[in-house]
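run07.pdb, holding PDB, C-alpha atoms:
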ATOM      1  CA  VAL G   8      -1.884  33.022  52.283  1.00  0.00           C
ATOM      2  CA  SER G   9      -3.503  29.624  52.710  1.00  0.00           C
ATOM      3  CA  GLU G  10      -3.217  26.974  55.402  1.00  0.00           C
ATOM      4  CA  GLY G  11      -1.981  23.470  54.842  1.00  0.00           C
ATOM      5  CA  ILE G  12       0.980  21.501  53.627  1.00  0.00           C
ATOM      6  CA  ALA G  13       1.381  19.784  50.288  1.00  0.00           C
ATOM      7  CA  MET G  14       4.147  17.582  48.988  1.00  0.00           C
ATOM      8  CA  GLY G  15       4.676  16.594  45.414  1.00  0.00           C
ATOM      9  CA  SER G  16       6.700  17.150  42.287  1.00  0.00           C
ATOM     10  CA  ALA G  17       7.197  20.789  41.326  1.00  0.00           C
ATOM     11  CA  PHE G  18       5.874  21.957  37.985  1.00  0.00           C
ATOM     12  CA  LEU G  19       7.498  25.217  36.902  1.00  0.00           C
ATOM     13  CA  TYR G  20       4.857  27.089  34.940  1.00  0.00           C
ATOM     14  CA  ARG G  21       6.214  29.574  32.439  1.00  0.00           C
ATOM     15  CA  PRO G  22       3.388  31.311  30.622  1.00  0.00           C
ATOM     16  CA  TYR G  23       3.931  33.226  27.405  1.00  0.00           C
ATOM     17  CA  ILE G  24       5.633  36.541  28.089  1.00  0.00           C
ATOM     18  CA  PRO G  25       5.823  38.839  25.076  1.00  0.00           C
ATOM     19  CA  VAL G  26       9.075  40.510  24.095  1.00  0.00           C
ATOM     20  CA  ILE G  27       8.051  43.670  22.307  1.00  0.00           C
ATOM     21  CA  GLU G  28      10.266  46.132  20.509  1.00  0.00           C
ATOM     22  CA  GLU G  29       9.201  49.545  19.317  1.00  0.00           C
ATOM     23  CA  ALA G  30       8.895  49.166  15.573  1.00  0.00           C
ATOM     24  CA  SER G  31       7.194  50.730  12.610  1.00  0.00           C
ATOM     25  CA  ILE G  32       5.964  49.690   9.186  1.00  0.00           C
ATOM     26  CA  ASP G  33       5.818  51.290   5.758  1.00  0.00           C
ATOM     27  CA  GLN G  34       2.581  52.813   4.508  1.00  0.00           C
ATOM     28  CA  SER G  35       2.358  49.941   2.017  1.00  0.00           C
ATOM     29  CA  GLN G  36       2.186  47.443   4.921  1.00  0.00           C
ATOM     30  CA  VAL G  37      -0.775  49.015   6.745  1.00  0.00           C
ATOM     31  CA  GLU G  38      -3.451  46.824   5.164  1.00  0.00           C
ATOM     32  CA  GLU G  39      -1.579  43.594   5.963  1.00  0.00           C
ATOM     33  CA  ALA G  40      -0.802  44.817   9.509  1.00  0.00           C
ATOM     34  CA  LEU G  41      -4.506  45.476  10.119  1.00  0.00           C
ATOM     35  CA  ALA G  42      -5.311  42.031   8.719  1.00  0.00           C
ATOM     36  CA  GLN G  43      -2.746  40.450  11.082  1.00  0.00           C
ATOM     37  CA  TYR G  44      -4.364  42.264  14.007  1.00  0.00           C
ATOM     38  CA  ASP G  45      -7.830  41.064  12.920  1.00  0.00           C
ATOM     39  CA  ARG G  46      -6.604  37.462  12.599  1.00  0.00           C
ATOM     40  CA  ALA G  47      -5.045  37.632  16.073  1.00  0.00           C
ATOM     41  CA  LYS G  48      -8.314  38.972  17.515  1.00  0.00           C
ATOM     42  CA  SER G  49     -10.258  36.173  15.837  1.00  0.00           C
ATOM     43  CA  ALA G  50      -7.847  33.543  17.191  1.00  0.00           C
ATOM     44  CA  ALA G  51      -8.010  35.034  20.697  1.00  0.00           C
ATOM     45  CA  LYS G  52     -11.818  35.117  20.497  1.00  0.00           C
ATOM     46  CA  ALA G  53     -11.918  31.469  19.449  1.00  0.00           C
ATOM     47  CA  GLU G  54      -9.739  30.501  22.421  1.00  0.00           C
ATOM     48  CA  LEU G  55     -11.836  32.534  24.852  1.00  0.00           C
ATOM     49  CA  ASP G  56     -15.081  31.141  23.416  1.00  0.00           C
ATOM     50  CA  GLY G  57     -13.724  27.613  23.850  1.00  0.00           C
ATOM     51  CA  ILE G  58     -12.701  28.198  27.455  1.00  0.00           C
ATOM     52  CA  PHE G  59     -16.039  29.875  28.176  1.00  0.00           C
ATOM     53  CA  ALA G  60     -17.996  26.959  26.701  1.00  0.00           C
ATOM     54  CA  LYS G  61     -15.986  24.422  28.685  1.00  0.00           C
ATOM     55  CA  LEU G  62     -16.357  26.301  31.972  1.00  0.00           C
ATOM     56  CA  SER G  63     -20.009  27.271  31.492  1.00  0.00           C
ATOM     57  CA  ALA G  64     -21.118  23.725  32.189  1.00  0.00           C
ATOM     58  CA  SER G  65     -18.810  23.012  35.118  1.00  0.00           C
ATOM     59  CA  ASP G  66     -18.267  26.406  36.769  1.00  0.00           C
ATOM     60  CA  PRO G  67     -20.444  29.295  35.516  1.00  0.00           C
ATOM     61  CA  GLU G  68     -18.824  31.758  37.939  1.00  0.00           C
ATOM     62  CA  LYS G  69     -15.375  31.139  36.473  1.00  0.00           C
ATOM     63  CA  ALA G  70     -16.824  31.346  32.985  1.00  0.00           C
ATOM     64  CA  LYS G  71     -17.714  34.976  33.715  1.00  0.00           C
ATOM     65  CA  ILE G  72     -13.983  35.796  33.771  1.00  0.00           C
ATOM     66  CA  PHE G  73     -13.840  34.938  30.094  1.00  0.00           C
ATOM     67  CA  THR G  74     -16.906  37.002  29.282  1.00  0.00           C
ATOM     68  CA  ALA G  75     -14.971  39.930  30.777  1.00  0.00           C
ATOM     69  CA  HIS G  76     -11.926  38.963  28.691  1.00  0.00           C
ATOM     70  CA  LEU G  77     -14.043  39.022  25.544  1.00  0.00           C
ATOM     71  CA  ASP G  78     -15.331  42.457  26.533  1.00  0.00           C
ATOM     72  CA  ILE G  79     -11.737  43.659  26.909  1.00  0.00           C
ATOM     73  CA  LEU G  80     -10.677  42.075  23.607  1.00  0.00           C
ATOM     74  CA  PHE G  81     -13.499  43.855  21.791  1.00  0.00           C
ATOM     75  CA  ASP G  82     -13.336  47.144  23.692  1.00  0.00           C
ATOM     76  CA  ALA G  83     -14.184  49.793  21.086  1.00  0.00           C
ATOM     77  CA  ALA G  84     -11.823  52.471  22.437  1.00  0.00           C
ATOM     78  CA  MET G  85      -8.798  50.164  22.597  1.00  0.00           C
ATOM     79  CA  ASP G  86      -9.593  48.709  19.187  1.00  0.00           C
ATOM     80  CA  GLU G  87      -9.823  52.177  17.646  1.00  0.00           C
ATOM     81  CA  ASP G  88      -6.546  53.246  19.281  1.00  0.00           C
ATOM     82  CA  ILE G  89      -4.748  50.148  17.980  1.00  0.00           C
ATOM     83  CA  ARG G  90      -6.126  50.603  14.458  1.00  0.00           C
ATOM     84  CA  ASP G  91      -5.194  54.306  14.504  1.00  0.00           C
ATOM     85  CA  ASP G  92      -1.657  53.532  15.700  1.00  0.00           C
ATOM     86  CA  ILE G  93      -1.213  51.015  12.879  1.00  0.00           C
ATOM     87  CA  THR G  94      -2.851  53.190  10.208  1.00  0.00           C
ATOM     88  CA  TYR G  95      -1.599  56.682  11.064  1.00  0.00           C
ATOM     89  CA  GLU G  96       1.425  56.179  13.319  1.00  0.00           C
ATOM     90  CA  LEU G  97       2.609  53.237  11.183  1.00  0.00           C
ATOM     91  CA  LEU G  98       3.293  51.025  14.178  1.00  0.00           C
ATOM     92  CA  THR G  99       3.617  47.254  13.888  1.00  0.00           C
ATOM     93  CA  PRO G 100       0.599  45.385  15.261  1.00  0.00           C
ATOM     94  CA  HIS G 101       2.771  44.076  18.128  1.00  0.00           C
ATOM     95  CA  TRP G 102       3.877  47.528  19.150  1.00  0.00           C
ATOM     96  CA  ALA G 103       0.426  49.092  18.706  1.00  0.00           C
ATOM     97  CA  ILE G 104      -1.253  46.419  20.856  1.00  0.00           C
ATOM     98  CA  HIS G 105       1.409  46.681  23.540  1.00  0.00           C
ATOM     99  CA  LYS G 106       1.330  50.486  23.583  1.00  0.00           C
ATOM    100  CA  VAL G 107      -2.466  50.767  23.779  1.00  0.00           C
ATOM    101  CA  TYR G 108      -2.975  48.038  26.378  1.00  0.00           C
ATOM    102  CA  GLU G 109      -0.181  49.470  28.532  1.00  0.00           C
ATOM    103  CA  LYS G 110      -1.833  52.903  28.364  1.00  0.00           C
ATOM    104  CA  TYR G 111      -5.057  51.476  29.792  1.00  0.00           C
ATOM    105  CA  ILE G 112      -3.195  49.355  32.338  1.00  0.00           C
ATOM    106  CA  LYS G 113      -1.406  52.479  33.583  1.00  0.00           C
ATOM    107  CA  ILE G 114      -4.660  54.451  33.815  1.00  0.00           C
ATOM    108  CA  LEU G 115      -6.529  51.716  35.704  1.00  0.00           C
ATOM    109  CA  SER G 116      -3.582  51.012  38.017  1.00  0.00           C
ATOM    110  CA  LYS G 117      -3.862  54.556  39.388  1.00  0.00           C
ATOM    111  CA  THR G 118      -7.562  54.424  40.308  1.00  0.00           C
ATOM    112  CA  LYS G 119      -8.609  54.358  43.956  1.00  0.00           C
ATOM    113  CA  ASP G 120     -11.317  51.768  43.286  1.00  0.00           C
ATOM    114  CA  GLU G 121      -9.807  48.401  44.230  1.00  0.00           C
ATOM    115  CA  LEU G 122     -12.242  46.441  42.038  1.00  0.00           C
ATOM    116  CA  ILE G 123     -11.162  48.397  38.970  1.00  0.00           C
ATOM    117  CA  ARG G 124      -7.479  48.010  39.896  1.00  0.00           C
ATOM    118  CA  GLU G 125      -8.015  44.236  40.049  1.00  0.00           C
ATOM    119  CA  ARG G 126      -9.107  44.311  36.379  1.00  0.00           C
ATOM    120  CA  VAL G 127      -5.531  45.246  35.449  1.00  0.00           C
ATOM    121  CA  ALA G 128      -4.570  41.553  35.648  1.00  0.00           C
ATOM    122  CA  ASP G 129      -7.385  40.731  33.215  1.00  0.00           C
ATOM    123  CA  ILE G 130      -6.191  43.398  30.769  1.00  0.00           C
ATOM    124  CA  LYS G 131      -2.610  42.082  30.950  1.00  0.00           C
ATOM    125  CA  ASP G 132      -3.948  38.564  30.429  1.00  0.00           C
ATOM    126  CA  VAL G 133      -5.896  39.568  27.300  1.00  0.00           C
ATOM    127  CA  LYS G 134      -2.927  41.580  25.989  1.00  0.00           C
ATOM    128  CA  ASN G 135      -0.632  38.568  26.309  1.00  0.00           C
ATOM    129  CA  ARG G 136      -3.208  36.259  24.687  1.00  0.00           C
ATOM    130  CA  LEU G 137      -3.645  38.671  21.771  1.00  0.00           C
ATOM    131  CA  LEU G 138       0.115  39.062  21.272  1.00  0.00           C
ATOM    132  CA  ARG G 139       0.643  35.297  21.472  1.00  0.00           C
ATOM    133  CA  CYS G 140      -2.090  34.769  18.879  1.00  0.00           C
ATOM    134  CA  LEU G 141      -0.462  37.428  16.696  1.00  0.00           C
ATOM    135  CA  GLU G 142       2.726  35.359  16.798  1.00  0.00           C
ATOM    136  CA  GLY G 143       0.778  32.195  15.995  1.00  0.00           C
ATOM    137  CA  LEU G 144       1.940  30.410  19.151  1.00  0.00           C
ATOM    138  CA  PRO G 145      -0.212  27.758  20.850  1.00  0.00           C
ATOM    139  CA  GLU G 146      -1.889  28.384  24.184  1.00  0.00           C
ATOM    140  CA  GLN G 147      -0.131  27.159  27.320  1.00  0.00           C
ATOM    141  CA  ASN G 148      -2.275  26.595  30.367  1.00  0.00           C
ATOM    142  CA  LEU G 149      -2.701  24.423  33.417  1.00  0.00           C
ATOM    143  CA  ALA G 150      -5.802  22.600  32.177  1.00  0.00           C
ATOM    144  CA  SER G 151      -4.099  19.386  31.085  1.00  0.00           C
ATOM    145  CA  LEU G 152      -1.555  18.402  33.717  1.00  0.00           C
ATOM    146  CA  ASP G 153      -0.618  14.725  33.597  1.00  0.00           C
ATOM    147  CA  LEU G 154       0.149  14.116  37.285  1.00  0.00           C
ATOM    148  CA  PRO G 155      -0.619  15.839  40.595  1.00  0.00           C
ATOM    149  CA  VAL G 156       1.936  18.634  41.038  1.00  0.00           C
ATOM    150  CA  VAL G 157       2.847  21.701  43.038  1.00  0.00           C
ATOM    151  CA  VAL G 158       2.589  24.567  40.551  1.00  0.00           C
ATOM    152  CA  VAL G 159       5.462  27.041  40.891  1.00  0.00           C
ATOM    153  CA  ALA G 160       5.225  30.339  38.989  1.00  0.00           C
ATOM    154  CA  HIS G 161       6.158  33.986  39.170  1.00  0.00           C
ATOM    155  CA  ASP G 162       2.461  34.860  39.024  1.00  0.00           C
ATOM    156  CA  LEU G 163      -0.748  33.425  37.641  1.00  0.00           C
ATOM    157  CA  PHE G 164      -3.212  35.340  35.509  1.00  0.00           C
ATOM    158  CA  PRO G 165      -6.975  34.994  36.034  1.00  0.00           C
ATOM    159  CA  SER G 166      -7.198  32.660  33.032  1.00  0.00           C
ATOM    160  CA  ASP G 167      -4.458  30.442  34.516  1.00  0.00           C
ATOM    161  CA  THR G 168      -6.277  29.913  37.791  1.00  0.00           C
ATOM    162  CA  ALA G 169      -9.692  29.569  36.163  1.00  0.00           C
ATOM    163  CA  THR G 170      -8.586  26.848  33.759  1.00  0.00           C
ATOM    164  CA  LEU G 171      -6.276  24.817  35.987  1.00  0.00           C
ATOM    165  CA  ASP G 172      -7.225  21.230  36.661  1.00  0.00           C
ATOM    166  CA  ARG G 173      -7.733  21.344  40.438  1.00  0.00           C
ATOM    167  CA  SER G 174      -7.626  17.563  40.684  1.00  0.00           C
ATOM    168  CA  LYS G 175      -4.002  17.713  39.525  1.00  0.00           C
ATOM    169  CA  VAL G 176      -2.830  20.721  41.580  1.00  0.00           C
ATOM    170  CA  LEU G 177      -1.643  19.922  45.091  1.00  0.00           C
ATOM    171  CA  ALA G 178      -0.535  23.492  45.829  1.00  0.00           C
ATOM    172  CA  ILE G 179       0.410  26.746  44.161  1.00  0.00           C
ATOM    173  CA  VAL G 180       3.546  28.745  44.944  1.00  0.00           C
ATOM    174  CA  THR G 181       3.907  32.182  43.374  1.00  0.00           C
ATOM    175  CA  GLU G 182       6.369  35.019  43.880  1.00  0.00           C
ATOM    176  CA  VAL G 183       3.666  37.667  43.583  1.00  0.00           C
ATOM    177  CA  GLY G 184      -0.128  37.773  43.629  1.00  0.00           C
ATOM    178  CA  GLY G 185      -2.555  36.458  46.158  1.00  0.00           C
TER
END
Have the structure of the file written as structure tokens, please.
Amino acid sequence: VSEGIAMGSAFLYRPYIPVIEEASIDQSQVEEALAQYDRAKSAAKAELDGIFAKLSASDPEKAKIFTAHLDILFDAAMDEDIRDDITYELLTPHWAIHKVYEKYIKILSKTKDELIRERVADIKDVKNRLLRCLEGLPEQNLASLDLPVVVVAHDLFPSDTATLDRSKVLAIVTEVGG
């Protein structure tokens, strides 16, 4: 994909990958499930706002990625679907988020417009961030590498590449992606 040779220590990057099981809740748990979803959205927003603020000064073009991620996070149709799945279908927040985001990923993956198809990675990225926040797990990214490394990963999401510390990345090797 790119020319050049780089030598250095390999850094195996393993981003958060959600393990979701189809699950339901009791009617008595709906209010708390909605509150969990709201807390996860707030945590994801805080992370995205922080990344946006940091990148706005140094790389405004990359910062736009996170504006798009905020738009996805607060998409009214997806939010309504998730809330309805929790409230009326009695799905856990994890399962509702996964189900709704996957529905939109599937729809956009089938479009003929390449630009829209490229947004699928952004939707997956936001879905994973939201699910990670729901679990209360800290963010893992490539922004604070200690030494120069060759990053090795299955794939990198838009937020991974936008936040990586280029002064510490000698090369990137991925199984998929471009």
Determine, for each residue of stretch 50-127 of chain G having at least one atom at most 12 Å from an atom of stretch 133-157 of chain G, the closest pair of atoms and their separation in Å to one decimal, counting all atoms listed in the file; order by chain and ascending number, as a Markdown table.
| residue | atom | partner | partner_atom | distance |
| --- | --- | --- | --- | --- |
| G:Ala50 | CA | G:Cys140 | CA | 6.1 |
| G:Ala51 | CA | G:Leu137 | CA | 5.8 |
| G:Lys52 | CA | G:Leu137 | CA | 9.0 |
| G:Ala53 | CA | G:Cys140 | CA | 10.4 |
| G:Glu54 | CA | G:Glu146 | CA | 8.3 |
| G:Leu55 | CA | G:Arg136 | CA | 9.4 |
| G:Gly57 | CA | G:Glu146 | CA | 11.9 |
| G:Ile58 | CA | G:Ala150 | CA | 10.1 |
| G:Lys61 | CA | G:Ala150 | CA | 10.9 |
| G:Leu62 | CA | G:Ala150 | CA | 11.2 |
| G:Ile72 | CA | G:Val133 | CA | 11.0 |
| G:Phe73 | CA | G:Val133 | CA | 9.6 |
| G:Thr74 | CA | G:Val133 | CA | 11.5 |
| G:Ala75 | CA | G:Val133 | CA | 9.7 |
| G:His76 | CA | G:Val133 | CA | 6.2 |
| G:Leu77 | CA | G:Val133 | CA | 8.4 |
| G:Asp78 | CA | G:Val133 | CA | 9.9 |
| G:Ile79 | CA | G:Val133 | CA | 7.1 |
| G:Leu80 | CA | G:Val133 | CA | 6.5 |
| G:Phe81 | CA | G:Val133 | CA | 10.3 |
| G:Asp82 | CA | G:Val133 | CA | 11.2 |
| G:Met85 | CA | G:Lys134 | CA | 10.9 |
| G:Asp86 | CA | G:Lys134 | CA | 11.9 |
| G:Ile89 | CA | G:Lys134 | CA | 11.9 |
| G:Thr99 | CA | G:Leu141 | CA | 11.0 |
| G:Pro100 | CA | G:Leu141 | CA | 8.2 |
| G:His101 | CA | G:Leu138 | CA | 6.5 |
| G:Trp102 | CA | G:Leu138 | CA | 9.5 |
| G:Ala103 | CA | G:Leu138 | CA | 10.4 |
| G:Ile104 | CA | G:Lys134 | CA | 7.3 |
| G:His105 | CA | G:Lys134 | CA | 7.1 |
| G:Lys106 | CA | G:Lys134 | CA | 10.2 |
| G:Val107 | CA | G:Lys134 | CA | 9.5 |
| G:Tyr108 | CA | G:Lys134 | CA | 6.5 |
| G:Glu109 | CA | G:Lys134 | CA | 8.7 |
| G:Lys110 | CA | G:Lys134 | CA | 11.6 |
| G:Tyr111 | CA | G:Lys134 | CA | 10.8 |
| G:Ile112 | CA | G:Lys134 | CA | 10.0 |
| G:Arg126 | CA | G:Val133 | CA | 10.7 |
| G:Val127 | CA | G:Val133 | CA | 9.9 |
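Across the structure, atom CA of G:Leu98 and atom CA of G:Asp132 are spaced 21.7 Å apart.
Across the structure, atom CA of G:Asp33 and atom CA of G:Asp91 are spaced 14.4 Å apart.
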Pick from G:Ile179, G:Ile130, G:Ala60, G:Ile93, whichever lies nearest to G:Leu41 using all atoms listed in the file: G:Ile93
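If you count all atoms listed in the file and draw a sphere of 9 Å around (6.2, 28.2, 32.8), the protein and nucleic acid residues inside it come out as Phe18, Leu19, Tyr20, Arg21, Pro22, Tyr23, Gln147, Asn148, Val159, Ala160 and His161 of chain G.
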By how many Å are atom CA of G:Ala70 and atom CA of G:Ala128 apart? 16.2 Å
Selection result of the PyMOL selection byres ((chain G and resi 14) around 8) on this file, as a PyMOL selection string: chain G and resi 12-13+15-16+157+177
Select, counting all atoms listed in the file, all protein, DNA and RNA residues no farther than 10 Å from (2.6, 37.2, 44.2) in file coordinates, and express the selection as an MDAnalysis selection string. chainID G and resid 160:163 180:185
Those same residues, written as a compact mmCIF listing (two decimals), in the frame of the given file with C-alpha atoms?
# COMPACT_ATOMS: atom_id res chain seq x y z
CA ALA G 160 5.22 30.34 38.99
CA HIS G 161 6.16 33.99 39.17
CA ASP G 162 2.46 34.86 39.02
CA LEU G 163 -0.75 33.42 37.64
CA VAL G 180 3.55 28.74 44.94
CA THR G 181 3.91 32.18 43.37
CA GLU G 182 6.37 35.02 43.88
CA VAL G 183 3.67 37.67 43.58
CA GLY G 184 -0.13 37.77 43.63
CA GLY G 185 -2.56 36.46 46.16
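Nearest to G:Asp129 of all the residues G:Lys71, G:Ala83, G:Val176, G:Leu97 is G:Lys71, based on all atoms listed in the file.
The smallest atom-to-atom distance between G:Pro25 and any of G:Lys131, G:Lys117, G:Glu39, G:Lys69, using all atoms listed in the file, is found for G:Lys131.
Among G:Asp56, G:Ala64, G:Ser49, G:Ile32, the residue with the shortest atom-to-atom distance to G:Glu96, counting only C-alpha atoms, is G:Ile32.
Residues within 9 Å of G:Thr94, counting all atoms listed in the file and excluding same-chain residues fewer than 6 positions away, are Gln34, Val37, Glu38, Ala40 and Leu41 of chain G.
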